[in-house]
Every structure is written in C-alpha cells, then in structure tokens.
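S.K.: Structure file work.pdb (PDB, C-alpha atoms and all ligand atoms) right here:
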MODEL        1
ATOM      1  CA  MET A   1      -1.640   0.241  18.107  1.00  0.00           C
ATOM      2  CA  ASN A   2      -3.238  -2.782  16.472  1.00  0.00           C
ATOM      3  CA  GLU A   3      -1.179  -5.781  15.419  1.00  0.00           C
ATOM      4  CA  ILE A   4      -0.617  -5.833  11.643  1.00  0.00           C
ATOM      5  CA  VAL A   5      -1.804  -8.877   9.741  1.00  0.00           C
ATOM      6  CA  ASP A   6       0.773  -9.825   7.138  1.00  0.00           C
ATOM      7  CA  LEU A   7      -0.845 -10.553   3.764  1.00  0.00           C
ATOM      8  CA  SER A   8       2.437 -10.780   1.880  1.00  0.00           C
ATOM      9  CA  SER A   9       2.504 -14.576   1.972  1.00  0.00           C
ATOM     10  CA  LYS A  10      -1.062 -14.870   0.632  1.00  0.00           C
ATOM     11  CA  THR A  11      -1.413 -15.170  -3.089  1.00  0.00           C
ATOM     12  CA  CYS A  12      -4.708 -14.354  -4.670  1.00  0.00           C
ATOM     13  CA  ARG A  13      -5.554 -14.887  -8.277  1.00  0.00           C
ATOM     14  CA  SER A  14      -8.441 -13.147  -9.948  1.00  0.00           C
ATOM     15  CA  LYS A  15     -11.734 -14.979 -10.106  1.00  0.00           C
ATOM     16  CA  ASN A  16     -11.845 -17.611 -12.882  1.00  0.00           C
ATOM     17  CA  GLU A  17      -8.111 -18.177 -12.801  1.00  0.00           C
ATOM     18  CA  THR A  18      -8.464 -20.868 -10.206  1.00  0.00           C
ATOM     19  CA  GLY A  19      -9.294 -23.588 -12.705  1.00  0.00           C
ATOM     20  CA  ASN A  20     -12.487 -24.432 -10.850  1.00  0.00           C
ATOM     21  CA  LYS A  21     -14.961 -25.653 -13.504  1.00  0.00           C
ATOM     22  CA  ASN A  22     -18.021 -24.291 -11.688  1.00  0.00           C
ATOM     23  CA  GLU A  23     -16.504 -20.836 -11.589  1.00  0.00           C
ATOM     24  CA  MET A  24     -15.821 -20.957 -15.317  1.00  0.00           C
ATOM     25  CA  GLN A  25     -19.539 -21.433 -15.981  1.00  0.00           C
ATOM     26  CA  LEU A  26     -20.596 -18.338 -14.073  1.00  0.00           C
ATOM     27  CA  GLN A  27     -21.714 -15.477 -16.221  1.00  0.00           C
ATOM     28  CA  LEU A  28     -23.362 -12.108 -15.929  1.00  0.00           C
ATOM     29  CA  SER A  29     -24.991 -11.944 -19.293  1.00  0.00           C
ATOM     30  CA  ASN A  30     -27.134 -14.364 -21.299  1.00  0.00           C
ATOM     31  CA  SER A  31     -25.882 -13.154 -24.652  1.00  0.00           C
ATOM     32  CA  ASN A  32     -22.478 -12.405 -26.107  1.00  0.00           C
ATOM     33  CA  GLN A  33     -23.168  -8.684 -25.769  1.00  0.00           C
ATOM     34  CA  LYS A  34     -20.608  -7.114 -23.431  1.00  0.00           C
ATOM     35  CA  PRO A  35     -22.114  -5.338 -20.403  1.00  0.00           C
ATOM     36  CA  LYS A  36     -21.783  -1.542 -20.557  1.00  0.00           C
ATOM     37  CA  LEU A  37     -20.863   0.546 -17.537  1.00  0.00           C
ATOM     38  CA  TYR A  38     -21.902   4.215 -17.757  1.00  0.00           C
ATOM     39  CA  TYR A  39     -20.242   6.833 -15.538  1.00  0.00           C
ATOM     40  CA  PHE A  40     -18.209  10.007 -15.521  1.00  0.00           C
ATOM     41  CA  ASN A  41     -14.471   9.900 -16.196  1.00  0.00           C
ATOM     42  CA  VAL A  42     -13.650   9.601 -12.479  1.00  0.00           C
ATOM     43  CA  THR A  43     -13.301   6.778  -9.948  1.00  0.00           C
ATOM     44  CA  GLY A  44     -16.277   7.697  -7.700  1.00  0.00           C
ATOM     45  CA  LEU A  45     -19.110   5.216  -7.305  1.00  0.00           C
ATOM     46  CA  ALA A  46     -18.120   3.297 -10.423  1.00  0.00           C
ATOM     47  CA  GLU A  47     -14.710   2.216  -9.161  1.00  0.00           C
ATOM     48  CA  PRO A  48     -15.925  -0.626  -6.918  1.00  0.00           C
ATOM     49  CA  ILE A  49     -17.942  -1.914  -9.895  1.00  0.00           C
ATOM     50  CA  ARG A  50     -14.913  -1.629 -12.182  1.00  0.00           C
ATOM     51  CA  TYR A  51     -12.709  -3.439  -9.648  1.00  0.00           C
ATOM     52  CA  LEU A  52     -15.257  -6.256  -9.302  1.00  0.00           C
ATOM     53  CA  LEU A  53     -15.803  -6.642 -13.041  1.00  0.00           C
ATOM     54  CA  HIS A  54     -12.057  -6.877 -13.596  1.00  0.00           C
ATOM     55  CA  TYR A  55     -11.550  -9.221 -10.661  1.00  0.00           C
ATOM     56  CA  CYS A  56     -14.257 -11.545 -12.043  1.00  0.00           C
ATOM     57  CA  ASN A  57     -12.768 -11.319 -15.550  1.00  0.00           C
ATOM     58  CA  ILE A  58     -15.950  -9.884 -17.027  1.00  0.00           C
ATOM     59  CA  GLU A  59     -15.312  -8.034 -20.254  1.00  0.00           C
ATOM     60  CA  PHE A  60     -17.282  -4.798 -20.350  1.00  0.00           C
ATOM     61  CA  GLU A  61     -17.437  -1.436 -22.077  1.00  0.00           C
ATOM     62  CA  ASP A  62     -16.242   1.256 -19.668  1.00  0.00           C
ATOM     63  CA  ILE A  63     -18.237   4.209 -21.029  1.00  0.00           C
ATOM     64  CA  ARG A  64     -16.939   7.447 -19.497  1.00  0.00           C
ATOM     65  CA  PHE A  65     -18.620  10.744 -20.409  1.00  0.00           C
ATOM     66  CA  ALA A  66     -16.216  13.306 -21.782  1.00  0.00           C
ATOM     67  CA  ASP A  67     -17.861  16.049 -19.696  1.00  0.00           C
ATOM     68  CA  PHE A  68     -21.041  17.043 -17.893  1.00  0.00           C
ATOM     69  CA  ASP A  69     -22.639  18.348 -21.111  1.00  0.00           C
ATOM     70  CA  GLU A  70     -22.241  14.985 -22.762  1.00  0.00           C
ATOM     71  CA  TRP A  71     -23.927  13.369 -19.760  1.00  0.00           C
ATOM     72  CA  ILE A  72     -26.849  15.804 -19.801  1.00  0.00           C
ATOM     73  CA  ASN A  73     -27.323  15.834 -23.577  1.00  0.00           C
ATOM     74  CA  ASN A  74     -26.735  12.198 -24.491  1.00  0.00           C
ATOM     75  CA  TYR A  75     -27.289   9.973 -21.475  1.00  0.00           C
ATOM     76  CA  LYS A  76     -29.120  11.374 -18.449  1.00  0.00           C
ATOM     77  CA  ASN A  77     -32.675  10.931 -19.758  1.00  0.00           C
ATOM     78  CA  ASP A  78     -32.018   7.303 -20.695  1.00  0.00           C
ATOM     79  CA  MET A  79     -30.967   6.221 -17.201  1.00  0.00           C
ATOM     80  CA  PRO A  80     -33.518   4.625 -14.838  1.00  0.00           C
ATOM     81  CA  MET A  81     -33.180   7.342 -12.173  1.00  0.00           C
ATOM     82  CA  GLU A  82     -31.310   9.868 -14.346  1.00  0.00           C
ATOM     83  CA  GLN A  83     -28.119   9.082 -12.432  1.00  0.00           C
ATOM     84  CA  VAL A  84     -25.084   6.868 -12.843  1.00  0.00           C
ATOM     85  CA  PRO A  85     -23.354   4.440 -12.359  1.00  0.00           C
ATOM     86  CA  VAL A  86     -25.542   2.217 -14.478  1.00  0.00           C
ATOM     87  CA  LEU A  87     -24.626  -1.247 -15.703  1.00  0.00           C
ATOM     88  CA  GLU A  88     -26.372  -2.389 -18.870  1.00  0.00           C
ATOM     89  CA  ILE A  89     -26.650  -6.170 -19.205  1.00  0.00           C
ATOM     90  CA  ASP A  90     -28.305  -7.725 -22.265  1.00  0.00           C
ATOM     91  CA  GLY A  91     -29.830  -4.347 -23.138  1.00  0.00           C
ATOM     92  CA  VAL A  92     -31.338  -3.713 -19.687  1.00  0.00           C
ATOM     93  CA  LYS A  93     -30.017  -0.844 -17.563  1.00  0.00           C
ATOM     94  CA  TYR A  94     -29.449  -1.505 -13.852  1.00  0.00           C
ATOM     95  CA  HIS A  95     -28.760   1.292 -11.378  1.00  0.00           C
ATOM     96  CA  GLN A  96     -27.603   1.818  -7.741  1.00  0.00           C
ATOM     97  CA  HIS A  97     -23.911   1.087  -7.434  1.00  0.00           C
ATOM     98  CA  LYS A  98     -24.105  -1.083  -4.320  1.00  0.00           C
ATOM     99  CA  SER A  99     -26.890  -3.259  -5.740  1.00  0.00           C
ATOM    100  CA  ILE A 100     -24.856  -3.746  -8.918  1.00  0.00           C
ATOM    101  CA  CYS A 101     -21.789  -4.807  -6.894  1.00  0.00           C
ATOM    102  CA  GLU A 102     -23.814  -7.174  -4.779  1.00  0.00           C
ATOM    103  CA  TYR A 103     -25.385  -8.739  -7.871  1.00  0.00           C
ATOM    104  CA  ILE A 104     -21.964  -9.390  -9.409  1.00  0.00           C
ATOM    105  CA  ALA A 105     -20.787 -10.759  -6.060  1.00  0.00           C
ATOM    106  CA  LYS A 106     -23.733 -13.167  -5.854  1.00  0.00           C
ATOM    107  CA  ILE A 107     -23.139 -14.569  -9.318  1.00  0.00           C
ATOM    108  CA  TYR A 108     -19.396 -14.928  -8.752  1.00  0.00           C
ATOM    109  CA  ARG A 109     -19.778 -16.350  -5.246  1.00  0.00           C
ATOM    110  CA  LEU A 110     -18.072 -13.514  -3.454  1.00  0.00           C
ATOM    111  CA  CYS A 111     -20.858 -13.142  -0.863  1.00  0.00           C
ATOM    112  CA  GLY A 112     -21.151 -14.907   2.484  1.00  0.00           C
ATOM    113  CA  SER A 113     -21.375 -18.640   2.981  1.00  0.00           C
ATOM    114  CA  THR A 114     -24.747 -18.133   4.733  1.00  0.00           C
ATOM    115  CA  GLU A 115     -27.552 -15.620   4.172  1.00  0.00           C
ATOM    116  CA  LYS A 116     -26.773 -14.087   7.575  1.00  0.00           C
ATOM    117  CA  GLU A 117     -23.149 -13.590   6.599  1.00  0.00           C
ATOM    118  CA  SER A 118     -24.257 -11.993   3.326  1.00  0.00           C
ATOM    119  CA  LEU A 119     -26.493  -9.677   5.361  1.00  0.00           C
ATOM    120  CA  GLU A 120     -23.500  -8.683   7.484  1.00  0.00           C
ATOM    121  CA  MET A 121     -21.491  -8.019   4.344  1.00  0.00           C
ATOM    122  CA  SER A 122     -24.208  -5.830   2.911  1.00  0.00           C
ATOM    123  CA  ALA A 123     -24.475  -3.915   6.192  1.00  0.00           C
ATOM    124  CA  LEU A 124     -20.732  -3.325   6.335  1.00  0.00           C
ATOM    125  CA  VAL A 125     -20.815  -1.863   2.830  1.00  0.00           C
ATOM    126  CA  ASP A 126     -23.625   0.422   4.045  1.00  0.00           C
ATOM    127  CA  ASP A 127     -21.286   1.468   6.876  1.00  0.00           C
ATOM    128  CA  PHE A 128     -18.616   2.393   4.306  1.00  0.00           C
ATOM    129  CA  ASN A 129     -21.224   4.493   2.568  1.00  0.00           C
ATOM    130  CA  ASP A 130     -22.349   6.162   5.791  1.00  0.00           C
ATOM    131  CA  MET A 131     -18.730   7.220   6.206  1.00  0.00           C
ATOM    132  CA  ARG A 132     -18.461   8.265   2.556  1.00  0.00           C
ATOM    133  CA  ALA A 133     -21.539  10.489   2.976  1.00  0.00           C
ATOM    134  CA  TYR A 134     -19.635  12.748   5.425  1.00  0.00           C
ATOM    135  CA  VAL A 135     -16.895  13.168   2.837  1.00  0.00           C
ATOM    136  CA  ALA A 136     -19.299  13.662  -0.075  1.00  0.00           C
ATOM    137  CA  ASN A 137     -21.354  16.261   1.808  1.00  0.00           C
ATOM    138  CA  TYR A 138     -18.207  18.235   2.571  1.00  0.00           C
ATOM    139  CA  TYR A 139     -17.017  17.940  -1.023  1.00  0.00           C
ATOM    140  CA  LYS A 140     -20.309  19.054  -2.587  1.00  0.00           C
ATOM    141  CA  GLU A 141     -20.839  22.113  -0.370  1.00  0.00           C
ATOM    142  CA  ASP A 142     -20.132  25.474  -2.053  1.00  0.00           C
ATOM    143  CA  ASP A 143     -20.707  27.843   0.857  1.00  0.00           C
ATOM    144  CA  ALA A 144     -17.254  28.405   2.415  1.00  0.00           C
ATOM    145  CA  ILE A 145     -18.440  28.776   6.010  1.00  0.00           C
ATOM    146  CA  PHE A 146     -20.702  25.763   5.903  1.00  0.00           C
ATOM    147  CA  LYS A 147     -18.008  23.796   4.069  1.00  0.00           C
ATOM    148  CA  SER A 148     -15.519  24.375   6.878  1.00  0.00           C
ATOM    149  CA  LYS A 149     -18.120  23.150   9.395  1.00  0.00           C
ATOM    150  CA  LEU A 150     -18.724  20.046   7.299  1.00  0.00           C
ATOM    151  CA  LYS A 151     -14.962  19.494   7.145  1.00  0.00           C
ATOM    152  CA  GLU A 152     -14.747  19.622  10.918  1.00  0.00           C
ATOM    153  CA  ARG A 153     -17.631  17.187  11.258  1.00  0.00           C
ATOM    154  CA  MET A 154     -16.084  14.870   8.671  1.00  0.00           C
ATOM    155  CA  GLU A 155     -12.661  14.861  10.375  1.00  0.00           C
ATOM    156  CA  ASP A 156     -14.387  14.224  13.663  1.00  0.00           C
ATOM    157  CA  LYS A 157     -16.360  11.225  12.331  1.00  0.00           C
ATOM    158  CA  LEU A 158     -13.738   9.500  10.159  1.00  0.00           C
ATOM    159  CA  PRO A 159     -11.688   7.962  13.025  1.00  0.00           C
ATOM    160  CA  PHE A 160     -14.813   6.351  14.487  1.00  0.00           C
ATOM    161  CA  PHE A 161     -15.545   4.489  11.266  1.00  0.00           C
ATOM    162  CA  MET A 162     -11.918   3.757  10.400  1.00  0.00           C
ATOM    163  CA  ASN A 163     -11.127   2.311  13.840  1.00  0.00           C
ATOM    164  CA  LYS A 164     -14.153   0.018  13.614  1.00  0.00           C
ATOM    165  CA  PHE A 165     -13.118  -1.151  10.130  1.00  0.00           C
ATOM    166  CA  GLU A 166      -9.487  -1.638  11.194  1.00  0.00           C
ATOM    167  CA  SER A 167     -10.557  -3.825  14.135  1.00  0.00           C
ATOM    168  CA  ARG A 168     -12.569  -6.073  11.842  1.00  0.00           C
ATOM    169  CA  ILE A 169      -9.500  -6.675   9.703  1.00  0.00           C
ATOM    170  CA  VAL A 170      -7.471  -7.711  12.744  1.00  0.00           C
ATOM    171  CA  GLU A 171     -10.269 -10.025  13.926  1.00  0.00           C
ATOM    172  CA  ASN A 172     -10.658 -11.562  10.469  1.00  0.00           C
ATOM    173  CA  ARG A 173      -6.996 -12.231   9.697  1.00  0.00           C
ATOM    174  CA  GLY A 174      -6.364  -9.517   7.144  1.00  0.00           C
ATOM    175  CA  PHE A 175      -9.747  -9.342   5.404  1.00  0.00           C
ATOM    176  CA  PHE A 176     -13.202  -8.069   6.365  1.00  0.00           C
ATOM    177  CA  PHE A 177     -14.613 -11.621   6.643  1.00  0.00           C
ATOM    178  CA  ASN A 178     -13.153 -15.006   7.569  1.00  0.00           C
ATOM    179  CA  GLY A 179      -9.532 -14.489   6.539  1.00  0.00           C
ATOM    180  CA  LYS A 180     -10.391 -14.610   2.852  1.00  0.00           C
ATOM    181  CA  ILE A 181     -11.342 -12.259   0.084  1.00  0.00           C
ATOM    182  CA  SER A 182     -14.998 -11.311  -0.469  1.00  0.00           C
ATOM    183  CA  TRP A 183     -16.729  -8.579  -2.456  1.00  0.00           C
ATOM    184  CA  VAL A 184     -16.511  -6.358   0.640  1.00  0.00           C
ATOM    185  CA  ASP A 185     -12.695  -6.182   0.414  1.00  0.00           C
ATOM    186  CA  ILE A 186     -12.849  -5.386  -3.292  1.00  0.00           C
ATOM    187  CA  TYR A 187     -15.628  -2.837  -2.794  1.00  0.00           C
ATOM    188  CA  TYR A 188     -13.764  -1.054   0.007  1.00  0.00           C
ATOM    189  CA  SER A 189     -10.547  -0.897  -2.002  1.00  0.00           C
ATOM    190  CA  GLY A 190     -12.423   0.683  -4.905  1.00  0.00           C
ATOM    191  CA  VAL A 191     -14.498   3.184  -2.971  1.00  0.00           C
ATOM    192  CA  CYS A 192     -11.685   4.479  -0.804  1.00  0.00           C
ATOM    193  CA  GLU A 193     -10.027   5.878  -3.930  1.00  0.00           C
ATOM    194  CA  VAL A 194     -12.484   8.745  -4.320  1.00  0.00           C
ATOM    195  CA  ILE A 195     -12.436   9.408  -0.573  1.00  0.00           C
ATOM    196  CA  SER A 196      -8.628   9.651  -0.575  1.00  0.00           C
ATOM    197  CA  ASN A 197      -8.747  11.898  -3.630  1.00  0.00           C
ATOM    198  CA  ILE A 198     -11.159  14.287  -1.917  1.00  0.00           C
ATOM    199  CA  LEU A 199      -9.194  14.252   1.356  1.00  0.00           C
ATOM    200  CA  GLN A 200      -5.938  14.676  -0.597  1.00  0.00           C
ATOM    201  CA  ARG A 201      -4.362  12.067   1.642  1.00  0.00           C
ATOM    202  CA  ASP A 202      -4.521   8.286   1.833  1.00  0.00           C
ATOM    203  CA  LEU A 203      -7.684   7.472   3.798  1.00  0.00           C
ATOM    204  CA  ASN A 204      -5.914   4.389   5.192  1.00  0.00           C
ATOM    205  CA  GLU A 205      -2.638   6.058   6.187  1.00  0.00           C
ATOM    206  CA  ALA A 206      -3.204   5.724   9.951  1.00  0.00           C
ATOM    207  CA  HIS A 207      -4.705   2.227   9.698  1.00  0.00           C
ATOM    208  CA  PRO A 208      -2.015  -0.275   8.723  1.00  0.00           C
ATOM    209  CA  ASN A 209      -4.286  -3.285   8.321  1.00  0.00           C
ATOM    210  CA  LEU A 210      -6.722  -1.473   6.052  1.00  0.00           C
ATOM    211  CA  LYS A 211      -3.764  -0.130   4.107  1.00  0.00           C
ATOM    212  CA  SER A 212      -2.293  -3.585   3.759  1.00  0.00           C
ATOM    213  CA  LEU A 213      -5.647  -5.018   2.598  1.00  0.00           C
ATOM    214  CA  VAL A 214      -6.096  -2.293  -0.019  1.00  0.00           C
ATOM    215  CA  ASP A 215      -2.494  -2.750  -1.240  1.00  0.00           C
ATOM    216  CA  TYR A 216      -3.146  -6.466  -1.506  1.00  0.00           C
ATOM    217  CA  VAL A 217      -6.365  -6.022  -3.526  1.00  0.00           C
ATOM    218  CA  ARG A 218      -4.746  -3.478  -5.831  1.00  0.00           C
ATOM    219  CA  LYS A 219      -1.944  -5.914  -6.569  1.00  0.00           C
ATOM    220  CA  ILE A 220      -4.276  -8.720  -7.692  1.00  0.00           C
ATOM    221  CA  ASP A 221      -3.284  -9.302 -11.311  1.00  0.00           C
ATOM    222  CA  ARG A 222      -6.374  -8.110 -13.213  1.00  0.00           C
ATOM    223  CA  ILE A 223      -7.090  -5.238 -10.845  1.00  0.00           C
ATOM    224  CA  LYS A 224      -3.468  -4.127 -11.063  1.00  0.00           C
ATOM    225  CA  LYS A 225      -3.552  -4.317 -14.849  1.00  0.00           C
ATOM    226  CA  TYR A 226      -6.696  -2.177 -14.886  1.00  0.00           C
ATOM    227  CA  ILE A 227      -5.197   0.384 -12.466  1.00  0.00           C
ATOM    228  CA  ASP A 228      -2.001   0.593 -14.526  1.00  0.00           C
ATOM    229  CA  LEU A 229      -3.948   1.280 -17.736  1.00  0.00           C
ATOM    230  CA  ARG A 230      -6.941   3.337 -16.560  1.00  0.00           C
ATOM    231  CA  PRO A 231      -7.254   7.052 -17.351  1.00  0.00           C
ATOM    232  CA  GLN A 232      -5.550   9.292 -14.777  1.00  0.00           C
ATOM    233  CA  THR A 233      -8.258  11.449 -13.212  1.00  0.00           C
ATOM    234  CA  PRO A 234      -8.252  13.952 -10.333  1.00  0.00           C
ATOM    235  CA  LEU A 235     -11.151  12.245  -8.550  1.00  0.00           C
TER     236      LEU A 235
HETATM  237  N1  LIG A 301     -27.622   6.138  -4.910  1.00  0.00           N
HETATM  238  C1  LIG A 301     -26.959   6.196  -6.196  1.00  0.00           C
HETATM  239  C2  LIG A 301     -26.360   7.593  -6.327  1.00  0.00           C
HETATM  240  C3  LIG A 301     -25.877   7.859  -7.720  1.00  0.00           C
HETATM  241  C4  LIG A 301     -25.326   9.272  -7.857  1.00  0.00           C
HETATM  242  O1  LIG A 301     -25.355  10.097  -6.913  1.00  0.00           O
HETATM  243  N2  LIG A 301     -24.819   9.562  -9.053  1.00  0.00           N
HETATM  244  C5  LIG A 301     -24.270  10.867  -9.363  1.00  0.00           C
HETATM  245  C6  LIG A 301     -22.766  10.763  -9.647  1.00  0.00           C
HETATM  246  S1  LIG A 301     -21.877  10.098  -8.273  1.00  0.00           S
HETATM  247  C7  LIG A 301     -24.906  11.381 -10.664  1.00  0.00           C
HETATM  248  O2  LIG A 301     -25.370  10.614 -11.486  1.00  0.00           O
HETATM  249  N3  LIG A 301     -24.889  12.715 -10.830  1.00  0.00           N
HETATM  250  C8  LIG A 301     -25.338  13.340 -12.040  1.00  0.00           C
HETATM  251  C9  LIG A 301     -26.761  13.828 -11.991  1.00  0.00           C
HETATM  252  O3  LIG A 301     -27.452  13.627 -10.961  1.00  0.00           O
HETATM  253  O4  LIG A 301     -27.174  14.434 -12.994  1.00  0.00           O
HETATM  254  C10 LIG A 301     -25.891   5.096  -6.247  1.00  0.00           C
HETATM  255  O5  LIG A 301     -25.407   4.717  -5.181  1.00  0.00           O
HETATM  256  O6  LIG A 301     -25.563   4.574  -7.327  1.00  0.00           O
ENDMDL
END
Could the structure of this file be written out as structure tokens, please?
Ligand SMILES: N[C@@H](CCC(=O)N[C@@H](CS)C(=O)NCC(=O)O)C(=O)O
M.R.:
Amino acid sequence: MNEIVDLSSKTCRSKNETGNKNEMQLQLSNSNQKPKLYYFNVTGLAEPIRYLLHYCNIEFEDIRFADFDEWINNYKNDMPMEQVPVLEIDGVKYHQHKSICEYIAKIYRLCGSTEKESLEMSALVDDFNDMRAYVANYYKEDDAIFKSKLKERMEDKLPFFMNKFESRIVENRGFFFNGKISWVDIYYSGVCEVISNILQRDLNEAHPNLKSLVDYVRKIDRIKKYIDLRPQTPL
C-alpha cells in the first residue's frame, strides 16, 4: 500500500485570488463578451473545462442542450467538427476539449515551468484519455455480449493506469507535478466524474492519494461553489 500524502494542511485559493497583479491581467477574451461553453447537460468532456474556467474565475455562459433533439436541430451544424464541447471566445468557436483546457492553462500559467514539463503534462492528460477510452467504449456498446467483453477488458486495464497515476502523486507530494497544483490536477478531477458515473463507483476508491487530490480540488472555493450549484445529472 502506498503512503498517503496529506493535503489537509495545504490551502489553495482559486486563480486570481492570490493578489498577484500579473495574474489579474490575464484574460481569455479580448472583448467584454463572456465566453460560451456548449455541451450536453452532463459532466462528460465539458467538466474539466468547467472546472478550469471556474478555478481561473472566468465568467462564461454554460450552455447545456435540453436534449439530443435540441443539439441536432439548433447547434450541431454550427460546430467546427459537429461535436461538442466547444468554447466560443470573442465569437470564434474552438473545439477539442483537451486543447481548450490546455489553452486556458497556458493563459493562466497552470502549465509546466519549462516546455518539456508542459509536454509531460500534455502526455499525462493523454494517458487519462487512453484510460477513459476503455470506459467510453464499454459505455457506448449496445450489443450485450460484446459489452460484457468490453467490461472485462476495461476492468482489466483500469488498475494499470490507476496504479501509475497513484505512484505519480506519491512521487510529487500530493499532486501530479512538483507538489503544487497544475491544470493536470484540475483536469483529472473533472474528467474522473463521468468515469465514476459510468462505473457506478468512485474511480479513485482504491487509490487514496488520487482520492485525496480529487477531494482537495473539489474543495477549492470556486470549484466547490460550482459543484454545489450545478445541475444534478446522471452522467
Ligand atoms: N475529440 C473530441 C470528441 C468530442 C465528442 O466525442 N463529443 C461528443 C459528446 S462527448 C458529441 O459531440 N456527440 C454528439 C454528436 O457527435 O453528434 C473532444 O475531445 O472534444
């Protein structure tokens, strides 16, 4: 069993609450138009973006389609690749959820302190998504026999990824990088929501350091406020 890094003594305020003048000047948009985030009324791939926007204190419109028909009839054709999440900034629509997160992270200085470290961060987020793909493939499959095979494969693969991620947290004093928060911690905490919802158990239950990190991120003031007020959804 891994040692558990105790984050309880660490306090973390949301970005822009630190009083650092440079941080106050950072901004996503060049106008006073609020960015618009388009997605379904679920956590899914939008949740890491929502977490990051709240953490960075970026006001945005959280546009959630009432149902699939609304998506098809009113939105799909207007999206760059006919998929969401999409973040519209100053009237321009940007797609691919990881690229959007990384862009926010760059502007708000939540990436690495060197380009190589930023590369490692990006790769780790790709690892999360390689793991998520096993869960998504199982979830999307309709054929009962194939679905049970995909479930077996998923359950077989999850410990490999989770043990690797857990070790990183131990090596990095409670976070994924350097004993301090980065976009990777916020991203992971957001994306593991949909995975846990599909699994119908807490993805992090057998990994105390990942669990402690996610608890820590979800208790950061603005993220907590968002979680307390967001719509309750099954996914
Ligand atoms: N690679 C894209 C995938 C986006 C994606 O798969 N979006 C799904 C929802 S999670 C979607 O828009 N589905 C509706 C459709 O394809 O009509 C990303 O990471 O943002």
S.K.: Can you list what the PyMOL selection byres (((chain A and resi 37) around 8) and not hetatm) grabs from this structure, as a count of residues only?
M.R.: 12
S.K.: I want to know what sits within 10 Å of range 198-203 of chain A, based on all atoms listed in the file, with residues of the same chain fewer than 3 positions away left out; could you give that as a VMD selection string?
M.R.: chain A and resid 135 to 136 138 to 139 151 155 158 162 192 to 195 206 to 207 210 to 211 234 to 235
S.K.: For the residues in that selection, give me C-alpha atoms as a compact mmCIF listing (two decimals), in the frame of the given file.
M.R.:
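The resulting file, again_10.txt, is shown below:
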# COMPACT_ATOMS: atom_id res chain seq x y z
CA VAL A 135 -16.90 13.17 2.84
CA ALA A 136 -19.30 13.66 -0.08
CA TYR A 138 -18.21 18.24 2.57
CA TYR A 139 -17.02 17.94 -1.02
CA LYS A 151 -14.96 19.49 7.14
CA GLU A 155 -12.66 14.86 10.38
CA LEU A 158 -13.74 9.50 10.16
CA MET A 162 -11.92 3.76 10.40
CA CYS A 192 -11.68 4.48 -0.80
CA GLU A 193 -10.03 5.88 -3.93
CA VAL A 194 -12.48 8.74 -4.32
CA ILE A 195 -12.44 9.41 -0.57
CA ALA A 206 -3.20 5.72 9.95
CA HIS A 207 -4.70 2.23 9.70
CA LEU A 210 -6.72 -1.47 6.05
CA LYS A 211 -3.76 -0.13 4.11
CA PRO A 234 -8.25 13.95 -10.33
CA LEU A 235 -11.15 12.24 -8.55
S.K.: Write as a ChimeraX atom specification the residues around ligand LIG 301 (chain A), taking 10 Å as the cut-off and counting all atoms listed in the file.
M.R.: /A:38-40,42-46,68,71-72,75-77,79,81-86,94-100,129,136
S.K.: Looking at only C-alpha atoms, which of A:Glu47, A:Ile181, A:Arg153, A:Pro159 is the one that sits closest to Gly112 in chain A?
M.R.: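 Of A:Glu47, A:Ile181, A:Arg153, A:Pro159, the one nearest Gly112 in chain A, counting only C-alpha atoms, is A:Ile181.
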S.K.: For Gly179 in chain A, find every residue with an atom within 12 Å (counting all atoms listed in the file), except residues of its own chain fewer than 2 positions away, and show them as a ChimeraX atom specification.
M.R.: /A:5-7,10,168-177,181-182,185,213
